[in-house]
Amino acid sequence: MSNSARPIRILVADDQADVRSAFRMILDVQPDMTVVAEAADGAAAVQEAKRLRPDVVLADIRMPKLNGLEVTRQLADQCKVIVVTTFDLDEYVHTALRHGAAGFLLKRSGPVLLIEAVRAAMAGDALISPQITVRLLQHMAVPGSSAVPGPAAAAGVPGPLIAGPGEELTEREREIAELVADGATNAEIGARLFISPGTVKNHLANIQRKLGARNRVGVAAWVWEQAASNR
C-alpha cells in the first residue's frame, strides 16, 4: 500500500462477540485494512454504516433485528457488503447476490479467503467460497424464472439475479464474460487480453448493464446458462 493510499475501512457485523474479535484481529494486522466499527445486530450495522460510511461491511446472515440479507439490501448501494455465514444454503446465497452482495463466504473458509474477499470487493470483483461456487452456478435462477423457494423467498427476493441480455454482447464483451465465468479477476483478464484492468472494468460494467446482472457472479451465471443451452 502506498503512503498516500488510505486503508480499506471495514465494519464487522455479527451477533457473536468472539467472531467479531477474530475478524478484527485478522483484518487489523493487514497493512491496507482497518476495522472501524463492530455491530452485534443488523439494525446497528445499518446505523453504523450510514454514520461511518465504511468501504466494506462483513455481515453475518442470522443476526437479531435485521438479518444479513436485509442489511445487504439496505447497504449495497453505498458500500461493498460481504456476507459471511455458517449456513451453506443455496437460497441464502441467491438472495444475498440478488441484493447486491460483493461476496459470500463460509466462516470455515479461513482467514486467507476473508482477506482476499475484502480486497476483491474493493477491486470490483465478487469472491464466493470455493465450496459453493460450482453448485451456485449450476443452480442459479434461469432468466425469467421465479424467485427461489425457502427462507430467501420469505425474505423477499427482488427477481432473478440476471434478467437476460437486453442488447447483444460484442465479441470482446463475450470474451471477457467467459473469463469472468472462469474465475479470472480484472487484472488477470487484462493481462490475458493485453488491456488495462480499468478497460476490463468498463467492459464489465457494460456487460452487467446489458445482461441486467447485479455483479460478476450474475455474468458468470449467464455464461454457464448459455453453455448449458448449447450442449
# chains A, B, ... in the order shown; residues from 1 in each chain; ligands from 1
call {"tool": "select_by_dssp", "arguments": {"residues": "region 8-45 of chain A", "states": "alpha helix (DSSP H)", "output": "ChimeraX atom specification"}}
result
/A:17-28,42-45
call {"tool": "select_by_dssp", "arguments": {"residues": "chain A", "states": "strand (DSSP E)", "output": "PDB file with C-alpha atoms, in the first residue's frame"}}
result
ATOM      1  CA  ILE A   8      -9.851  -0.118   3.476  1.00  0.00           C
ATOM      2  CA  ARG A   9     -12.356   0.797   6.208  1.00  0.00           C
ATOM      3  CA  ILE A  10     -14.339  -2.219   7.416  1.00  0.00           C
ATOM      4  CA  LEU A  11     -17.401  -2.704   9.624  1.00  0.00           C
ATOM      5  CA  VAL A  12     -17.884  -6.170  11.132  1.00  0.00           C
ATOM      6  CA  ALA A  13     -21.473  -7.215  11.910  1.00  0.00           C
ATOM      7  CA  MET A  33      -7.159  -2.595   6.167  1.00  0.00           C
ATOM      8  CA  THR A  34      -8.658  -1.231   9.374  1.00  0.00           C
ATOM      9  CA  VAL A  35     -11.798  -2.237  11.271  1.00  0.00           C
ATOM     10  CA  VAL A  36     -13.624   0.995  12.099  1.00  0.00           C
ATOM     11  CA  ALA A  37     -16.618  -0.472  13.946  1.00  0.00           C
ATOM     12  CA  GLU A  38     -18.415  -3.592  15.120  1.00  0.00           C
ATOM     13  CA  ALA A  39     -22.154  -4.283  15.340  1.00  0.00           C
ATOM     14  CA  VAL A  56     -16.756  -2.800   3.289  1.00  0.00           C
ATOM     15  CA  VAL A  57     -19.310  -4.377   5.626  1.00  0.00           C
ATOM     16  CA  LEU A  58     -18.907  -8.003   6.699  1.00  0.00           C
ATOM     17  CA  ALA A  59     -22.412  -9.199   7.579  1.00  0.00           C
ATOM     18  CA  LYS A  80     -19.425  -3.300  -0.504  1.00  0.00           C
ATOM     19  CA  VAL A  81     -21.235  -5.928   1.562  1.00  0.00           C
ATOM     20  CA  ILE A  82     -19.676  -9.361   2.007  1.00  0.00           C
ATOM     21  CA  VAL A  83     -21.929 -11.963   3.604  1.00  0.00           C
ATOM     22  CA  VAL A  84     -20.000 -14.234   5.960  1.00  0.00           C
ATOM     23  CA  THR A  85     -22.006 -17.092   7.438  1.00  0.00           C
ATOM     24  CA  GLY A 103     -19.084 -11.743  -1.886  1.00  0.00           C
ATOM     25  CA  PHE A 104     -20.374 -14.751   0.036  1.00  0.00           C
ATOM     26  CA  LEU A 105     -18.065 -16.626   2.392  1.00  0.00           C
ATOM     27  CA  LEU A 106     -18.491 -19.533   4.744  1.00  0.00           C
ATOM     28  CA  LEU A 127     -15.421 -13.710  -4.248  1.00  0.00           C
ATOM     29  CA  ILE A 128     -17.558 -16.740  -3.414  1.00  0.00           C
TER      30      ILE A 128
END
call {"tool": "closest_atom_pairs", "arguments": {"of": "region 22-139 of chain A", "to": "region 182-189 of chain A", "cutoff": "10 Å", "atoms": "only C-alpha atoms", "output": "Markdown table"}}
result
| residue | atom | partner | partner_atom | distance |
| --- | --- | --- | --- | --- |
| A:Ala120 | CA | A:Thr185 | CA | 8.1 |
| A:Ala123 | CA | A:Asn186 | CA | 7.9 |
| A:Gly124 | CA | A:Asn186 | CA | 8.0 |
| A:Asp125 | CA | A:Thr185 | CA | 6.6 |
| A:Ala126 | CA | A:Thr185 | CA | 9.0 |
| A:Leu127 | CA | A:Gly183 | CA | 8.9 |
| A:Ile128 | CA | A:Gly183 | CA | 9.8 |
| A:Thr133 | CA | A:Gly183 | CA | 9.6 |
call {"tool": "closest_residue", "arguments": {"among": "A:Val29, A:Ile195, A:Met122, A:Val19", "to": "Arg108 (chain A)", "atoms": "only C-alpha atoms"}}
result
A:Val19
call {"tool": "atom_distance", "arguments": {"atom1": "CA of Ala76 (chain A)", "atom2": "CA of Ala101 (chain A)"}}
result
6.5 Å
call {"tool": "residues_around", "arguments": {"residues": "Leu169 (chain A)", "least_positions_apart": "6", "cutoff": "10 Å", "atoms": "only C-alpha atoms", "output": "list in words"}}
result
Glu175, Ala177, Asn206, Ile207, Lys210 and Leu211 of chain A
call {"tool": "atom_distance", "arguments": {"atom1": "CA of Gly42 (chain A)", "atom2": "CA of Gln74 (chain A)"}}
result
10.4 Å
